[in-house]
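Trainee: Input file: input_31.tsv. Contents: TSV, C-alpha atoms and all ligand atoms.
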```tsv
chain	number	residue	atom	x	y	z
A	18	MET	CA	91.72	92.71	101.33
A	19	ILE	CA	89.71	92.59	98.10
A	20	LYS	CA	86.10	91.39	98.11
A	21	LEU	CA	83.82	91.13	95.10
A	22	LYS	CA	80.22	90.03	95.56
A	23	ASP	CA	77.96	89.33	92.55
A	24	VAL	CA	79.79	91.94	90.47
A	25	GLU	CA	78.38	92.72	87.05
A	26	MET	CA	79.81	95.05	84.43
A	27	GLU	CA	77.72	96.07	81.48
A	28	TYR	CA	79.24	98.61	79.09
A	29	ASP	CA	77.16	101.43	77.58
A	30	ASN	CA	76.74	99.47	74.36
A	31	GLY	CA	75.14	96.58	76.26
A	32	THR	CA	78.18	94.26	76.33
A	33	LYS	CA	78.17	92.27	79.58
A	34	ALA	CA	81.87	91.95	80.37
A	35	LEU	CA	81.39	90.47	83.88
A	36	ARG	CA	78.35	88.45	84.95
A	37	GLY	CA	78.07	87.77	88.65
A	38	VAL	CA	81.67	87.58	89.79
A	39	SER	CA	82.35	86.82	93.48
A	40	MET	CA	85.88	86.50	94.78
A	41	ASP	CA	87.84	87.25	97.94
A	42	ILE	CA	91.56	87.97	97.96
A	43	GLU	CA	93.09	87.98	101.43
A	44	ASP	CA	95.94	90.25	102.46
A	45	GLY	CA	99.23	88.65	101.49
A	46	GLU	CA	97.82	86.37	98.78
A	47	PHE	CA	99.32	85.85	95.31
A	48	VAL	CA	96.67	85.37	92.62
A	49	PHE	CA	96.92	84.81	88.88
A	50	LEU	CA	93.88	85.97	86.92
A	51	VAL	CA	93.71	84.17	83.58
A	52	GLY	CA	91.28	83.57	80.75
A	53	PRO	CA	90.95	83.86	76.97
A	54	SER	CA	90.79	87.20	75.18
A	55	GLY	CA	87.44	88.86	75.80
A	56	SER	CA	86.80	86.95	79.04
A	57	GLY	CA	86.78	90.12	81.17
A	58	LYS	CA	90.33	90.40	82.52
A	59	SER	CA	90.89	94.02	81.45
A	60	THR	CA	87.47	94.92	82.77
A	61	MET	CA	88.35	93.35	86.11
A	62	ILE	CA	91.56	95.44	86.27
A	63	LYS	CA	89.59	98.60	85.47
A	64	LEU	CA	87.13	97.81	88.26
A	65	LEU	CA	89.89	97.05	90.79
A	66	THR	CA	91.67	100.32	90.03
A	67	GLY	CA	88.46	102.34	90.12
A	68	GLU	CA	88.75	103.36	86.47
A	69	VAL	CA	85.18	102.17	85.88
A	70	GLU	CA	82.33	101.37	88.28
A	71	CYS	CA	80.54	98.05	88.32
A	72	THR	CA	76.90	98.19	87.21
A	73	ALA	CA	75.73	95.73	89.90
A	74	GLY	CA	77.12	93.98	92.96
A	75	LYS	CA	79.54	95.08	95.66
A	76	MET	CA	83.27	95.65	95.78
A	77	MET	CA	85.55	96.32	98.76
A	78	ILE	CA	89.20	97.16	98.17
A	79	ASN	CA	91.59	97.58	101.08
A	80	GLY	CA	88.88	99.00	103.32
A	81	PHE	CA	87.12	101.14	100.70
A	82	SER	CA	83.66	100.31	99.40
A	83	LEU	CA	83.83	101.04	95.69
A	84	THR	CA	80.09	101.04	95.23
A	85	ARG	CA	79.72	104.25	97.15
A	86	ILE	CA	83.16	105.77	97.06
A	87	SER	CA	83.39	109.58	96.89
A	88	ASP	CA	85.60	111.51	94.49
A	89	ARG	CA	87.73	112.46	97.49
A	90	GLN	CA	88.17	108.89	98.66
A	91	LEU	CA	89.04	107.41	95.26
A	92	PRO	CA	92.64	108.73	95.22
A	93	LEU	CA	93.10	107.38	98.75
A	94	MET	CA	91.91	103.94	97.63
A	95	ARG	CA	94.29	104.13	94.64
A	96	ARG	CA	97.20	104.83	96.98
A	97	THR	CA	96.71	101.38	98.47
A	98	LEU	CA	97.42	99.95	94.99
A	99	GLY	CA	100.55	99.74	92.87
A	100	ILE	CA	99.72	99.15	89.24
A	101	ILE	CA	102.04	97.61	86.64
A	102	PHE	CA	101.18	97.89	82.96
A	103	GLN	CA	102.31	95.74	80.05
A	104	ASP	CA	103.74	98.77	78.24
A	105	PHE	CA	105.66	100.07	81.31
A	106	ARG	CA	104.47	103.71	80.95
A	107	LEU	CA	107.69	105.27	82.19
A	108	ILE	CA	108.47	108.95	81.65
A	109	GLU	CA	111.12	108.89	78.90
A	110	LYS	CA	112.65	112.27	79.72
A	111	LYS	CA	113.29	111.38	83.36
A	112	THR	CA	115.95	109.06	84.76
A	113	VAL	CA	114.97	105.95	86.70
A	114	TYR	CA	115.52	107.85	89.96
A	115	GLU	CA	113.43	110.80	88.77
A	116	ASN	CA	110.63	108.51	87.61
A	117	LEU	CA	110.39	107.18	91.16
A	118	ALA	CA	110.85	110.57	92.84
A	119	PHE	CA	108.01	111.97	90.71
A	120	VAL	CA	105.59	109.37	92.07
A	121	MET	CA	106.72	109.93	95.67
A	122	ARG	CA	106.42	113.70	95.32
A	123	ALA	CA	102.84	113.25	94.11
A	124	VAL	CA	101.91	111.87	97.54
A	125	GLY	CA	103.85	114.56	99.42
A	126	ALA	CA	106.97	112.60	100.36
A	127	SER	CA	109.94	114.59	101.67
A	128	GLN	CA	113.36	114.70	100.05
A	129	ARG	CA	114.70	112.66	102.94
A	130	GLU	CA	112.08	109.95	102.48
A	131	MET	CA	112.97	109.76	98.78
A	132	VAL	CA	116.69	109.47	99.47
A	133	GLU	CA	115.97	106.53	101.78
A	134	ARG	CA	113.21	104.78	99.88
A	135	ILE	CA	114.36	104.98	96.25
A	136	PRO	CA	117.70	103.13	96.68
A	137	TYR	CA	115.95	100.49	98.83
A	138	VAL	CA	113.34	99.76	96.16
A	139	LEU	CA	115.89	99.85	93.31
A	140	LYS	CA	117.96	97.30	95.17
A	141	LEU	CA	114.89	95.12	95.67
A	142	VAL	CA	114.31	94.98	91.90
A	143	GLY	CA	118.04	94.63	91.16
A	144	LEU	CA	118.52	98.02	89.51
A	145	GLU	CA	120.64	99.86	92.06
A	146	ARG	CA	123.23	100.64	89.39
A	147	LYS	CA	120.70	102.05	86.92
A	148	ALA	CA	119.34	104.93	89.02
A	149	HIS	CA	120.71	107.57	86.67
A	150	SER	CA	119.90	105.84	83.39
A	151	PHE	CA	117.05	106.94	81.15
A	152	PRO	CA	114.37	104.36	80.25
A	153	THR	CA	115.56	104.26	76.61
A	154	GLU	CA	118.99	103.13	77.84
A	155	LEU	CA	117.48	100.04	79.50
A	156	SER	CA	116.40	96.64	78.16
A	157	GLY	CA	112.72	95.69	78.17
A	158	GLY	CA	113.18	93.55	81.26
A	159	GLU	CA	114.94	96.39	83.07
A	160	GLN	CA	112.23	98.85	82.09
A	161	GLN	CA	109.61	96.50	83.44
A	162	ARG	CA	111.56	96.29	86.72
A	163	VAL	CA	111.53	100.08	86.91
A	164	ALA	CA	107.77	99.88	86.45
A	165	ILE	CA	107.64	97.43	89.36
A	166	ALA	CA	109.81	99.72	91.48
A	167	ARG	CA	107.45	102.59	90.69
A	168	ALA	CA	104.43	100.49	91.63
A	169	LEU	CA	106.11	99.65	94.96
A	170	ILE	CA	107.59	103.01	95.78
A	171	ASN	CA	104.73	104.34	97.91
A	172	ASN	CA	104.46	101.05	99.78
A	173	PRO	CA	101.03	99.88	98.54
A	174	SER	CA	99.30	96.95	100.21
A	175	THR	CA	98.39	95.46	96.81
A	176	ILE	CA	100.19	95.19	93.48
A	177	ILE	CA	98.04	94.75	90.39
A	178	ALA	CA	99.94	93.71	87.27
A	179	ASP	CA	98.24	93.75	83.87
A	180	GLU	CA	100.04	91.36	81.49
A	181	PRO	CA	103.42	92.32	82.98
A	182	THR	CA	105.34	89.81	80.86
A	183	GLY	CA	103.56	90.57	77.59
A	184	ASN	CA	106.54	92.39	76.10
A	185	LEU	CA	109.29	90.16	77.51
A	186	ASP	CA	111.06	87.08	76.18
A	187	PRO	CA	110.41	83.82	78.11
A	188	GLU	CA	113.55	84.01	80.26
A	189	ARG	CA	112.91	87.65	81.30
A	190	ALA	CA	109.27	86.78	81.86
A	191	LEU	CA	110.24	84.03	84.29
A	192	ASP	CA	112.61	86.39	86.16
A	193	LEU	CA	109.88	88.98	86.37
A	194	MET	CA	107.34	86.53	87.82
A	195	LYS	CA	109.98	85.41	90.36
A	196	LEU	CA	110.44	89.04	91.35
A	197	LEU	CA	106.69	89.43	91.88
A	198	VAL	CA	106.72	86.28	94.03
A	199	LYS	CA	109.58	87.75	96.09
A	200	ILE	CA	107.68	91.00	96.57
A	201	ASN	CA	104.67	88.95	97.67
A	202	SER	CA	106.83	87.07	100.18
A	203	LEU	CA	107.73	90.44	101.73
A	204	GLY	CA	104.03	90.95	102.51
A	205	THR	CA	102.42	92.70	99.51
A	206	THR	CA	99.29	91.17	98.00
A	207	VAL	CA	99.89	90.49	94.29
A	208	VAL	CA	97.29	90.06	91.54
A	209	VAL	CA	98.69	89.21	88.10
A	210	VAL	CA	96.58	89.16	84.94
A	211	THR	CA	98.31	87.06	82.31
A	212	HIS	CA	98.03	84.92	79.19
A	213	ALA	CA	101.26	83.12	80.01
A	214	LYS	CA	99.88	79.67	80.86
A	215	ALA	CA	103.21	77.84	80.95
A	216	LEU	CA	104.55	80.42	83.38
A	217	VAL	CA	101.51	80.28	85.65
A	218	ASP	CA	101.76	76.48	85.88
A	219	ARG	CA	105.31	76.73	87.21
A	220	PHE	CA	104.42	78.65	90.33
A	221	GLY	CA	101.71	76.60	92.02
A	222	LYS	CA	99.83	79.72	93.10
A	223	ARG	CA	96.10	80.42	93.22
A	224	VAL	CA	94.68	80.72	89.70
A	225	VAL	CA	91.30	82.34	89.02
A	226	THR	CA	90.06	81.59	85.50
A	227	LEU	CA	87.54	83.83	83.76
A	228	GLN	CA	85.47	82.84	80.75
A	229	THR	CA	82.80	85.01	79.12
A	230	GLY	CA	82.60	87.18	82.22
A	231	ARG	CA	82.30	84.39	84.78
A	232	ILE	CA	84.76	82.67	87.11
A	233	ILE	CA	84.86	79.09	85.87
A	234	SER	CA	87.60	77.93	88.20
A	235	ASP	CA	89.44	79.14	91.28
A	236	VAL	CA	92.12	76.66	92.33
A	237	VAL	CA	95.59	76.50	93.78
A	238	GLY	CA	98.14	75.01	91.43
A	239	GLY	CA	97.17	75.73	87.82
A	240	TYR	CA	94.55	75.85	85.12
A	241	VAL	CA	91.57	73.53	84.90
A	242	GLY	CA	93.00	70.38	83.40
A	243	GLY	CA	96.51	71.74	83.81
A	244	LYS	CA	99.24	69.84	85.62
A	245	ILE	CA	99.45	70.49	89.32
B	1	LIG	P1	93.50	92.23	75.86
B	1	LIG	O1	92.97	91.06	75.09
B	1	LIG	O2	94.99	92.31	75.92
B	1	LIG	O3	92.85	92.40	77.18
B	1	LIG	P2	91.79	93.93	74.30
B	1	LIG	O4	92.16	94.10	72.87
B	1	LIG	O5	90.67	93.04	74.72
B	1	LIG	O6	93.13	93.56	75.05
B	1	LIG	O7	91.46	95.36	74.94
B	1	LIG	C1	92.30	96.46	74.83
B	1	LIG	C2	91.55	97.67	75.35
B	1	LIG	O8	90.41	97.93	74.53
B	1	LIG	C3	90.99	97.48	76.75
B	1	LIG	O9	91.13	98.69	77.49
B	1	LIG	C4	89.55	97.12	76.55
B	1	LIG	O10	88.74	97.52	77.62
B	1	LIG	C5	89.22	97.92	75.30
B	1	LIG	N1	88.17	97.22	74.53
B	1	LIG	C6	88.12	95.90	74.29
B	1	LIG	N2	87.01	95.60	73.59
B	1	LIG	C7	86.35	96.76	73.41
B	1	LIG	C8	85.13	97.12	72.76
B	1	LIG	N3	84.33	96.21	72.19
B	1	LIG	N4	84.77	98.42	72.74
B	1	LIG	C9	85.55	99.34	73.31
B	1	LIG	N5	86.71	99.07	73.96
B	1	LIG	C10	87.11	97.80	73.99
B	2	LIG	P1	89.97	90.55	78.26
B	2	LIG	O1	90.80	91.56	78.96
B	2	LIG	O2	89.87	89.25	78.98
B	2	LIG	O3	90.37	90.39	76.82
B	2	LIG	P2	87.90	92.58	78.32
B	2	LIG	O4	87.59	92.91	79.72
B	2	LIG	O5	88.75	93.52	77.53
B	2	LIG	O6	88.46	91.09	78.24
B	2	LIG	O7	86.55	92.41	77.51
B	2	LIG	C1	85.42	91.67	77.99
B	2	LIG	C2	84.26	91.93	77.05
B	2	LIG	O8	83.87	93.30	77.20
B	2	LIG	C3	84.59	91.75	75.60
B	2	LIG	O9	83.42	91.27	74.96
B	2	LIG	C4	84.93	93.15	75.12
B	2	LIG	O10	84.69	93.31	73.74
B	2	LIG	C5	83.99	93.99	75.96
B	2	LIG	N1	84.49	95.34	76.25
B	2	LIG	C6	85.66	95.66	76.85
B	2	LIG	N2	85.78	96.98	76.99
B	2	LIG	C7	84.66	97.52	76.46
B	2	LIG	C8	84.18	98.84	76.31
B	2	LIG	N3	84.88	99.89	76.73
B	2	LIG	N4	82.98	99.00	75.69
B	2	LIG	C9	82.27	97.96	75.28
B	2	LIG	N5	82.65	96.68	75.41
B	2	LIG	C10	83.83	96.46	75.98
```
Hey, can you dump this file as structure tokens for me?
Mentor:
Amino acid sequence: MIKLKDVEMEYDNGTKALRGVSMDIEDGEFVFLVGPSGSGKSTMIKLLTGEVECTAGKMMINGFSLTRISDRQLPLMRRTLGIIFQDFRLIEKKTVYENLAFVMRAVGASQREMVERIPYVLKLVGLERKAHSFPTELSGGEQQRVAIARALINNPSTIIADEPTGNLDPERALDLMKLLVKINSLGTTVVVVTHAKALVDRFGKRVVTLQTGRIISDVVGGYVGGKI
């Protein structure tokens, strides 16, 4: 579970990116995090992934207290997360299979575990026939599904997706959101940061809206003023 209590983030230059944010995300929830440019979404992602530390308040992520986490514990906290970036960040010189194996090897998985897990996850994202393709041989939507497979490969309890549909056309974007919903239905908590308002409104999920560093709405079903 994710718990933020009165979280503030002030950058070195004095910019207050988050101003007193409190929010709980239960295990198994699906949450869209939305808001205009500059509202603090990227900052929130950086806090959740432990890339930066909040300057006030408390944060708990999957059993780890981020306010007093040690350098040794931080990688363990990160292993509870699968992160999906807008620009995919795949290794171009490795095949799809090797991209996934690389991430499993990093946490000490055995060859046998890889041989079992990688085909399972590729099937889940609908890429079982692309295991031996290189990223450059895949469409944008397929590359993003590889990125999802990579985020899932070590069985994290939470997926955090930062503008995952930003580089996709509307149809692929819809498919991708449906895939994230399916992954959520299998038990993984999913947090999606997005600008894609029309897409968010289709799903009827919890939507947390940020504006100038504050949560201005936290509702199930859509944006403030949006159709439910
Ligand atoms: P988006 O609107 O897609 O979130 P931004 O252009 O706001 O993208 O931010 C892109 C990156 O630049 C982020 O990592 C963000 O933290 C960083 N960034 C944004 N504003 C500033 C700033 N004023 N000074 C330094 N880095 C910034
Ligand atoms: P969003 O992702 O919603 O566009 P950000 O979290 O990137 O918002 O930015 C929130 C505010 O913090 C903005 O005013 C932005 O300029 C500022 N900001 C972001 N990153 C940095 C940074 N590294 N240094 C200083 N200011 C930053």
Trainee: At a cut-off of 12 Å, using all atoms listed in the file, what residues contact A:Thr206? Leave out same-chain residues fewer than 2 positions from it and give the result as a count of residues only.
Mentor: 34
Trainee: Using all atoms listed in the file, what does the table of chain A residues within 6 Å of ligand LIG 1 (chain B) look like, with each row giving the shortest atom pair and its distance in Å to one decimal, sorted by chain and ascending number, as CSV?
Mentor:
```
residue,atom,partner,partner_atom,distance
A:Ser54,CA,B:LIG1,O1,4.4
A:Gly55,CA,B:LIG1,O5,5.4
A:Ser59,CA,B:LIG1,O3,5.0
A:Thr60,CA,B:LIG1,O10,5.9
```
Trainee: Kindly compute an axis-aligned box around the listed atoms of ligand LIG 2 (chain B), allowing 8 Å on each side, and express its centre and edge lengths in Å to one decimal as AutoDock Vina command-line options.
Mentor:
```
--center_x 86.5 --center_y 94.6 --center_z 76.7 --size_x 24.5 --size_y 26.6 --size_z 22.0
```
Trainee: As an exercise, work out the distance from atom CA of A:Gly37 to atom CA of A:Arg231 in Å and give it to one decimal place.
Mentor: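 For atom CA of A:Gly37 relative to atom CA of A:Arg231, the distance reads 6.7 Å.
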Trainee: If we count all atoms listed in the file, what is near stretch 225-229 of chain A at a cut-off of 10 Å, once residues fewer than 4 positions away on the same chain are taken out, given as a list in words?
Mentor: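 Non-adjacent residues within range: Lys33, Ala34, Leu35, Arg36, Val38, Met40, Val48, Phe49, Leu50, Val51, Gly52, Pro53, Ser54, Gly55, Ser56, Gly57, Lys58, Met61, Val210, Ile233, Ser234, Asp235, Val236, Val237, Gly239, Tyr240 and Val241 of chain A.
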Trainee: I'd like the interatomic distance between atom CA of A:Gln103 and atom CA of A:Glu180, to a tenth of an Å.
Mentor: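 Here the two named atoms are 5.1 Å from each other.
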Trainee: Counting only C-alpha atoms, note down every residue that has an atom within 7 Å of the point (76.9, 96.6, 84.5) (file coordinates), as number ranges by chain.
Mentor: A: 25-28, 33, 71-73
Trainee: Restricting the calculation to all atoms listed in the file, which member of A:Phe105, A:Asp41, A:Val207, A:Met94 is positioned closest to A:Glu159?
Mentor: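 The closest residue to A:Glu159 is A:Phe105.
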Trainee: Grab the atom CA of A:Arg167 to atom CA of A:Glu68 distance for me, in Å with one decimal place.
Mentor: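 These atoms are spaced 19.2 Å apart.
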Trainee: For stretch 129-133 of chain A, please output as a PyMOL selection string all residues within 12 Å (counting all atoms listed in the file; exclusion window: fewer than 3 positions along the same chain).
Mentor: chain A and resi 114-126+136-140+148+170-171
Trainee: May I ask which of the residues A:Ile165, A:Ile135, A:Leu216, A:Val224 is the closest one to A:Ala190, counting all atoms listed in the file?
Mentor: A:Leu216
Trainee: With all atoms listed in the file as the basis for distance, which of A:His212, A:Ile108, A:Lys222, A:Ser150 is at the shortest distance from ligand LIG 2 (chain B)?
Mentor: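 Result for the nearest residue to ligand LIG 2 (chain B): A:His212.
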